[in-house]
$ cat model.cif   # mmCIF, N, CA and C atoms and all ligand atoms
data_final
loop_
_atom_site.label_atom_id
_atom_site.label_comp_id
_atom_site.auth_asym_id
_atom_site.auth_seq_id
_atom_site.Cartn_x
_atom_site.Cartn_y
_atom_site.Cartn_z
N MET A 1 61.93 64.88 -16.17
CA MET A 1 62.74 65.63 -15.20
C MET A 1 63.73 66.53 -15.97
N PRO A 2 63.81 67.81 -15.63
CA PRO A 2 64.74 68.69 -16.35
C PRO A 2 66.19 68.28 -16.08
N GLU A 3 67.05 68.54 -17.05
CA GLU A 3 68.45 68.13 -16.89
C GLU A 3 69.31 69.26 -16.37
N ILE A 4 68.75 70.44 -16.34
CA ILE A 4 69.51 71.58 -15.81
C ILE A 4 68.67 72.22 -14.69
N PRO A 5 69.35 72.93 -13.78
CA PRO A 5 68.61 73.55 -12.69
C PRO A 5 67.70 74.67 -13.18
N THR A 6 66.69 74.94 -12.37
CA THR A 6 65.81 76.08 -12.64
C THR A 6 65.99 77.10 -11.53
N LEU A 7 66.27 78.33 -11.93
CA LEU A 7 66.44 79.41 -10.96
C LEU A 7 65.19 80.28 -10.96
N PHE A 8 64.62 80.43 -9.78
CA PHE A 8 63.46 81.30 -9.60
C PHE A 8 63.95 82.61 -9.02
N VAL A 9 63.62 83.69 -9.71
CA VAL A 9 64.11 85.00 -9.28
C VAL A 9 62.95 85.99 -9.17
N CYS A 10 63.26 87.13 -8.58
CA CYS A 10 62.26 88.19 -8.49
C CYS A 10 62.27 89.01 -9.78
N HIS A 11 61.38 89.97 -9.86
CA HIS A 11 61.25 90.76 -11.09
C HIS A 11 62.51 91.59 -11.37
N GLY A 12 63.36 91.76 -10.38
CA GLY A 12 64.61 92.50 -10.60
C GLY A 12 65.58 91.72 -11.46
N ASP A 13 65.36 90.40 -11.56
CA ASP A 13 66.12 89.51 -12.43
C ASP A 13 67.62 89.67 -12.16
N GLY A 14 68.39 89.96 -13.22
CA GLY A 14 69.84 90.08 -13.06
C GLY A 14 70.29 91.52 -12.86
N GLY A 15 69.33 92.40 -12.62
CA GLY A 15 69.67 93.81 -12.49
C GLY A 15 69.77 94.25 -11.05
N GLY A 16 69.78 95.56 -10.88
CA GLY A 16 69.86 96.12 -9.54
C GLY A 16 71.29 96.21 -9.04
N PRO A 17 71.44 96.56 -7.79
CA PRO A 17 72.79 96.71 -7.22
C PRO A 17 73.51 95.37 -7.15
N ARG A 18 74.82 95.42 -7.02
CA ARG A 18 75.61 94.18 -7.02
C ARG A 18 75.25 93.27 -5.86
N VAL A 19 74.64 93.82 -4.81
CA VAL A 19 74.27 93.00 -3.66
C VAL A 19 72.93 92.28 -3.87
N HIS A 20 72.23 92.62 -4.94
CA HIS A 20 70.93 92.00 -5.21
C HIS A 20 71.11 90.48 -5.33
N PRO A 21 70.45 89.70 -4.47
CA PRO A 21 70.69 88.25 -4.45
C PRO A 21 70.41 87.56 -5.79
N CYS A 22 69.35 87.98 -6.48
CA CYS A 22 69.04 87.32 -7.76
C CYS A 22 70.10 87.64 -8.81
N ARG A 23 70.68 88.81 -8.73
CA ARG A 23 71.78 89.16 -9.63
C ARG A 23 73.04 88.38 -9.29
N ARG A 24 73.35 88.31 -8.01
CA ARG A 24 74.59 87.66 -7.58
C ARG A 24 74.61 86.19 -7.98
N VAL A 25 73.50 85.50 -7.77
CA VAL A 25 73.51 84.07 -8.08
C VAL A 25 73.59 83.85 -9.60
N GLN A 26 72.98 84.76 -10.37
CA GLN A 26 73.06 84.59 -11.83
C GLN A 26 74.47 84.87 -12.33
N GLU A 27 75.13 85.87 -11.75
CA GLU A 27 76.52 86.14 -12.13
C GLU A 27 77.39 84.93 -11.79
N ALA A 28 77.13 84.32 -10.63
CA ALA A 28 77.93 83.17 -10.22
C ALA A 28 77.67 81.96 -11.12
N LEU A 29 76.41 81.75 -11.50
CA LEU A 29 76.09 80.63 -12.39
C LEU A 29 76.79 80.82 -13.74
N ARG A 30 76.75 82.04 -14.24
CA ARG A 30 77.42 82.30 -15.53
C ARG A 30 78.92 82.13 -15.41
N ALA A 31 79.49 82.64 -14.34
CA ALA A 31 80.95 82.54 -14.14
C ALA A 31 81.38 81.08 -14.06
N ALA A 32 80.49 80.24 -13.53
CA ALA A 32 80.81 78.81 -13.40
C ALA A 32 80.37 78.03 -14.64
N SER A 33 79.85 78.74 -15.64
CA SER A 33 79.38 78.11 -16.90
C SER A 33 78.34 77.03 -16.62
N ILE A 34 77.43 77.32 -15.70
CA ILE A 34 76.34 76.38 -15.40
C ILE A 34 75.09 76.86 -16.13
N ASP A 35 74.61 76.02 -17.04
CA ASP A 35 73.36 76.34 -17.74
C ASP A 35 72.18 76.20 -16.78
N TYR A 36 71.20 77.05 -16.94
CA TYR A 36 70.01 76.98 -16.08
C TYR A 36 68.82 77.59 -16.79
N ASP A 37 67.66 77.11 -16.42
CA ASP A 37 66.42 77.76 -16.84
C ASP A 37 66.08 78.80 -15.79
N LYS A 38 65.31 79.79 -16.20
CA LYS A 38 64.98 80.86 -15.26
C LYS A 38 63.50 81.16 -15.31
N VAL A 39 62.95 81.38 -14.13
CA VAL A 39 61.54 81.77 -14.02
C VAL A 39 61.48 83.04 -13.18
N ILE A 40 60.86 84.07 -13.74
CA ILE A 40 60.59 85.28 -12.94
C ILE A 40 59.36 84.94 -12.09
N ALA A 41 59.57 84.76 -10.80
CA ALA A 41 58.54 84.13 -9.98
C ALA A 41 57.89 85.06 -8.97
N GLY A 42 58.28 86.30 -8.96
CA GLY A 42 57.63 87.16 -7.96
C GLY A 42 58.13 88.59 -8.04
N HIS A 43 57.33 89.44 -7.49
CA HIS A 43 57.70 90.85 -7.41
C HIS A 43 58.20 91.08 -5.99
N GLY A 44 59.49 90.81 -5.82
CA GLY A 44 60.08 90.82 -4.49
C GLY A 44 60.09 92.19 -3.85
N ASN A 45 59.93 92.17 -2.57
CA ASN A 45 60.07 93.38 -1.78
C ASN A 45 60.37 92.91 -0.36
N PRO A 46 61.34 93.52 0.29
CA PRO A 46 61.65 93.10 1.65
C PRO A 46 60.48 93.29 2.59
N ILE A 47 59.54 94.16 2.22
CA ILE A 47 58.39 94.42 3.09
C ILE A 47 57.23 93.56 2.59
N PRO A 48 56.81 92.55 3.39
CA PRO A 48 55.85 91.56 2.89
C PRO A 48 54.61 92.15 2.26
N PHE A 49 54.01 93.18 2.85
CA PHE A 49 52.73 93.64 2.29
C PHE A 49 52.90 94.41 0.99
N LEU A 50 54.15 94.70 0.62
CA LEU A 50 54.38 95.37 -0.66
C LEU A 50 54.66 94.38 -1.79
N ARG A 51 54.75 93.10 -1.44
CA ARG A 51 54.96 92.11 -2.49
C ARG A 51 53.69 91.96 -3.30
N LYS A 52 53.87 91.84 -4.61
CA LYS A 52 52.71 91.79 -5.50
C LYS A 52 52.47 90.38 -6.00
N GLY A 53 51.21 90.05 -6.14
CA GLY A 53 50.84 88.82 -6.81
C GLY A 53 50.95 87.60 -5.91
N SER A 54 50.30 86.56 -6.36
CA SER A 54 50.32 85.31 -5.63
C SER A 54 51.61 84.56 -5.94
N ARG A 55 52.11 83.85 -4.96
CA ARG A 55 53.27 83.01 -5.21
C ARG A 55 52.88 81.54 -5.11
N ASP A 56 51.63 81.25 -5.43
CA ASP A 56 51.17 79.87 -5.33
C ASP A 56 51.94 78.96 -6.27
N GLU A 57 52.23 79.45 -7.48
CA GLU A 57 52.96 78.62 -8.44
C GLU A 57 54.38 78.37 -7.96
N LEU A 58 54.98 79.44 -7.41
CA LEU A 58 56.34 79.29 -6.88
C LEU A 58 56.34 78.27 -5.75
N ARG A 59 55.37 78.35 -4.85
CA ARG A 59 55.30 77.40 -3.75
C ARG A 59 55.08 75.98 -4.26
N ALA A 60 54.25 75.85 -5.28
CA ALA A 60 53.99 74.51 -5.84
C ALA A 60 55.26 73.92 -6.45
N GLU A 61 56.07 74.78 -7.07
CA GLU A 61 57.29 74.30 -7.74
C GLU A 61 58.42 74.05 -6.76
N THR A 62 58.49 74.87 -5.71
CA THR A 62 59.67 74.83 -4.85
C THR A 62 59.37 74.50 -3.39
N GLY A 63 58.10 74.59 -3.00
CA GLY A 63 57.77 74.37 -1.60
C GLY A 63 58.06 75.56 -0.73
N THR A 64 58.42 76.69 -1.35
CA THR A 64 58.75 77.89 -0.60
C THR A 64 58.30 79.12 -1.40
N THR A 65 58.26 80.24 -0.73
CA THR A 65 58.00 81.49 -1.47
C THR A 65 59.22 82.39 -1.46
N LYS A 66 60.36 81.84 -1.04
CA LYS A 66 61.59 82.63 -0.98
C LYS A 66 62.21 82.77 -2.36
N LEU A 67 62.82 83.89 -2.59
CA LEU A 67 63.56 84.15 -3.82
C LEU A 67 64.92 84.76 -3.45
N PRO A 68 65.98 84.39 -4.14
CA PRO A 68 66.02 83.40 -5.20
C PRO A 68 65.92 81.98 -4.66
N ALA A 69 65.50 81.07 -5.54
CA ALA A 69 65.46 79.64 -5.21
C ALA A 69 65.99 78.88 -6.42
N LEU A 70 66.78 77.87 -6.16
CA LEU A 70 67.34 77.06 -7.23
C LEU A 70 66.84 75.63 -7.07
N LYS A 71 66.13 75.16 -8.09
CA LYS A 71 65.63 73.77 -8.07
C LYS A 71 66.55 72.92 -8.94
N LEU A 72 67.16 71.93 -8.30
CA LEU A 72 68.10 71.06 -8.99
C LEU A 72 67.35 69.97 -9.75
N PRO A 73 68.01 69.36 -10.75
CA PRO A 73 67.34 68.31 -11.53
C PRO A 73 66.78 67.17 -10.68
N ASP A 74 67.38 66.90 -9.52
CA ASP A 74 66.85 65.82 -8.67
C ASP A 74 65.70 66.27 -7.78
N GLY A 75 65.29 67.53 -7.93
CA GLY A 75 64.16 68.04 -7.17
C GLY A 75 64.54 68.80 -5.92
N THR A 76 65.81 68.73 -5.55
CA THR A 76 66.27 69.47 -4.38
C THR A 76 66.11 70.97 -4.63
N VAL A 77 65.61 71.67 -3.63
CA VAL A 77 65.44 73.12 -3.76
C VAL A 77 66.37 73.82 -2.77
N LEU A 78 67.17 74.73 -3.30
CA LEU A 78 68.05 75.55 -2.46
C LEU A 78 67.47 76.95 -2.39
N THR A 79 67.33 77.44 -1.18
CA THR A 79 66.91 78.83 -1.02
C THR A 79 68.00 79.57 -0.26
N HIS A 80 67.96 80.84 -0.38
CA HIS A 80 68.93 81.76 0.20
C HIS A 80 70.15 81.80 -0.72
N SER A 81 70.55 82.98 -1.11
CA SER A 81 71.63 83.12 -2.08
C SER A 81 72.92 82.48 -1.57
N ARG A 82 73.12 82.51 -0.26
CA ARG A 82 74.37 81.92 0.26
C ARG A 82 74.41 80.42 -0.01
N ALA A 83 73.30 79.75 0.19
CA ALA A 83 73.25 78.30 -0.07
C ALA A 83 73.43 78.02 -1.56
N ILE A 84 72.84 78.87 -2.38
CA ILE A 84 72.96 78.68 -3.83
C ILE A 84 74.41 78.90 -4.26
N MET A 85 75.05 79.93 -3.72
CA MET A 85 76.45 80.21 -4.06
C MET A 85 77.34 79.05 -3.61
N SER A 86 77.04 78.46 -2.46
CA SER A 86 77.84 77.33 -1.98
C SER A 86 77.72 76.15 -2.93
N TRP A 87 76.48 75.91 -3.39
CA TRP A 87 76.28 74.81 -4.34
C TRP A 87 77.06 75.09 -5.63
N ILE A 88 77.01 76.32 -6.10
CA ILE A 88 77.74 76.68 -7.33
C ILE A 88 79.24 76.44 -7.14
N SER A 89 79.76 76.88 -6.01
CA SER A 89 81.20 76.69 -5.74
C SER A 89 81.55 75.21 -5.73
N ALA A 90 80.65 74.39 -5.23
CA ALA A 90 80.93 72.95 -5.14
C ALA A 90 80.95 72.29 -6.51
N GLN A 91 80.40 72.94 -7.53
CA GLN A 91 80.36 72.36 -8.88
C GLN A 91 81.67 72.59 -9.63
N GLU A 92 82.48 73.53 -9.14
CA GLU A 92 83.70 73.92 -9.90
C GLU A 92 84.88 73.03 -9.57
N1 LIG A 101 69.04 86.87 2.43
C1 LIG A 101 68.27 86.48 1.29
C2 LIG A 101 67.59 87.71 0.77
C3 LIG A 101 66.64 87.37 -0.33
C4 LIG A 101 65.97 88.60 -0.85
O1 LIG A 101 66.13 89.70 -0.34
N2 LIG A 101 65.22 88.41 -1.89
C5 LIG A 101 64.56 89.50 -2.50
C6 LIG A 101 64.31 89.16 -3.96
S1 LIG A 101 65.85 89.15 -4.80
C7 LIG A 101 63.28 89.84 -1.83
O2 LIG A 101 62.71 90.83 -2.09
N3 LIG A 101 62.85 89.01 -0.94
C8 LIG A 101 61.59 89.24 -0.32
C9 LIG A 101 60.59 88.47 -1.07
O3 LIG A 101 60.11 88.97 -2.09
O4 LIG A 101 60.31 87.35 -0.65
C10 LIG A 101 69.18 85.88 0.25
O5 LIG A 101 70.37 86.24 0.20
O6 LIG A 101 68.74 85.04 -0.55
#

$ encode --input "model.cif" --output "structure tokens"
Amino acid sequence: MPEIPTLFVCHGDGGGPRVHPCRRVQEALRAASIDYDKVIAGHGNPIPFLRKGSRDELRAETGTTKLPALKLPDGTVLTHSRAIMSWISAQE
């Protein structure tokens, strides 16, 4: 079992505009000094048919195809940046 959380993000990773969810959660994790592993798990696009590639591996790991997703060491998966940010806040 991993000892640190794993963050699954889209190909935009930590870039893009400040509102980009995958960027926001990574900035928050760093600000809170929370170590994490990261997996680039999909080519996100708000328009479903423009998303590229299969997300079968992401679904197998997290039970969802949503990004960003944070998998905690106990196996709990948080999706939606707001839920992830709440968890980060609770760690401080
Ligand atoms: N409201 C969601 C939005 C998530 C979102 O927009 N994710 C981007 C990737 S960062 C996306 O393209 N989602 C569509 C998808 O690829 O599933 C959140 O804050 O987590």

$ atom_distance --input "model.cif" --atom1 "atom CA of A:Glu61" --atom2 "atom CA of A:Gly16"
25.2 Å

$ residues_around --input "model.cif" --residues "A:His11" --least-positions-apart "3" --cutoff "6 Å" --atoms "all atoms listed in the file" --output "PDB file with N, CA and C atoms, in the frame of the given file"
ATOM      1  N   ILE A  40      60.860  84.070 -13.740  1.00  0.00           N
ATOM      2  CA  ILE A  40      60.590  85.280 -12.940  1.00  0.00           C
ATOM      3  C   ILE A  40      59.360  84.940 -12.090  1.00  0.00           C
ATOM      4  N   ALA A  41      59.570  84.760 -10.800  1.00  0.00           N
ATOM      5  CA  ALA A  41      58.540  84.130  -9.980  1.00  0.00           C
ATOM      6  C   ALA A  41      57.890  85.060  -8.970  1.00  0.00           C
ATOM      7  N   GLY A  42      58.280  86.300  -8.960  1.00  0.00           N
ATOM      8  CA  GLY A  42      57.630  87.160  -7.960  1.00  0.00           C
ATOM      9  C   GLY A  42      58.130  88.590  -8.040  1.00  0.00           C
ATOM     10  N   HIS A  43      57.330  89.440  -7.490  1.00  0.00           N
ATOM     11  CA  HIS A  43      57.700  90.850  -7.410  1.00  0.00           C
ATOM     12  C   HIS A  43      58.200  91.080  -5.990  1.00  0.00           C
ATOM     13  N   GLY A  44      59.490  90.810  -5.820  1.00  0.00           N
ATOM     14  CA  GLY A  44      60.080  90.820  -4.490  1.00  0.00           C
ATOM     15  C   GLY A  44      60.090  92.190  -3.850  1.00  0.00           C
TER      16      GLY A  44
END

$ closest_atom_pairs --input "model.cif" --of "chain A" --to "ligand LIG 101 (chain A)" --cutoff "6.5 Å" --atoms "all atoms listed in the file" --output "JSON lines"
{"residue": "A:Val9", "atom": "C", "partner": "A:LIG101", "partner_atom": "S1", "distance": 6.1}
{"residue": "A:Cys10", "atom": "N", "partner": "A:LIG101", "partner_atom": "S1", "distance": 5.0}
{"residue": "A:His20", "atom": "C", "partner": "A:LIG101", "partner_atom": "S1", "distance": 5.5}
{"residue": "A:Pro21", "atom": "N", "partner": "A:LIG101", "partner_atom": "S1", "distance": 4.6}
{"residue": "A:Cys22", "atom": "N", "partner": "A:LIG101", "partner_atom": "S1", "distance": 4.1}
{"residue": "A:Arg23", "atom": "N", "partner": "A:LIG101", "partner_atom": "S1", "distance": 6.2}
{"residue": "A:Gly42", "atom": "C", "partner": "A:LIG101", "partner_atom": "O3", "distance": 6.3}
{"residue": "A:His43", "atom": "C", "partner": "A:LIG101", "partner_atom": "O3", "distance": 4.8}
{"residue": "A:Gly44", "atom": "CA", "partner": "A:LIG101", "partner_atom": "O3", "distance": 3.0}
{"residue": "A:Asn45", "atom": "N", "partner": "A:LIG101", "partner_atom": "O2", "distance": 3.1}
{"residue": "A:Pro46", "atom": "N", "partner": "A:LIG101", "partner_atom": "O2", "distance": 3.8}
{"residue": "A:Ile47", "atom": "N", "partner": "A:LIG101", "partner_atom": "C8", "distance": 5.9}
{"residue": "A:Arg51", "atom": "CA", "partner": "A:LIG101", "partner_atom": "O3", "distance": 6.0}
{"residue": "A:Thr65", "atom": "C", "partner": "A:LIG101", "partner_atom": "O4", "distance": 5.1}
{"residue": "A:Lys66", "atom": "CA", "partner": "A:LIG101", "partner_atom": "O4", "distance": 4.9}
{"residue": "A:Leu67", "atom": "C", "partner": "A:LIG101", "partner_atom": "N2", "distance": 4.0}
{"residue": "A:Pro68", "atom": "N", "partner": "A:LIG101", "partner_atom": "O6", "distance": 4.6}
{"residue": "A:Thr79", "atom": "C", "partner": "A:LIG101", "partner_atom": "O6", "distance": 5.5}
{"residue": "A:His80", "atom": "CA", "partner": "A:LIG101", "partner_atom": "O6", "distance": 3.4}
{"residue": "A:Ser81", "atom": "N", "partner": "A:LIG101", "partner_atom": "O6", "distance": 2.8}
{"residue": "A:Arg82", "atom": "N", "partner": "A:LIG101", "partner_atom": "O5", "distance": 4.7}

$ residues_around --input "model.cif" --residues "A:Met85" --least-positions-apart "3" --cutoff "9 Å" --atoms "only C-alpha atoms" --output "JSON, numbers by chain"
{"A": [24, 25, 28, 29, 80, 81, 82, 88, 89, 90]}

$ closest_residue --input "model.cif" --among "A:Ile34, A:Val39, A:Leu50, A:Val77" --to "A:Gly63" --atoms "all atoms listed in the file"
A:Val77

$ select_by_dssp --input "model.cif" --residues "stretch 17-49 of chain A" --states "helix (DSSP H, G or I)" --output "list in words"
Pro21, Cys22, Arg23, Arg24, Val25, Gln26, Glu27, Ala28, Leu29, Arg30, Ala31, Pro48 and Phe49 of chain A

$ select_by_dssp --input "model.cif" --residues "chain A" --states "strand (DSSP E or B)" --output "ChimeraX atom specification"
/A:6-10,37-43,52,69-71,77-79

$ closest_residue --input "model.cif" --among "A:Leu78, A:Trp87, A:Glu92, A:Leu7" --to "A:Asp35" --atoms "all atoms listed in the file"
A:Leu7

$ atom_distance --input "model.cif" --atom1 "atom C of A:Ala60" --atom2 "atom C of A:Pro5"
14.2 Å
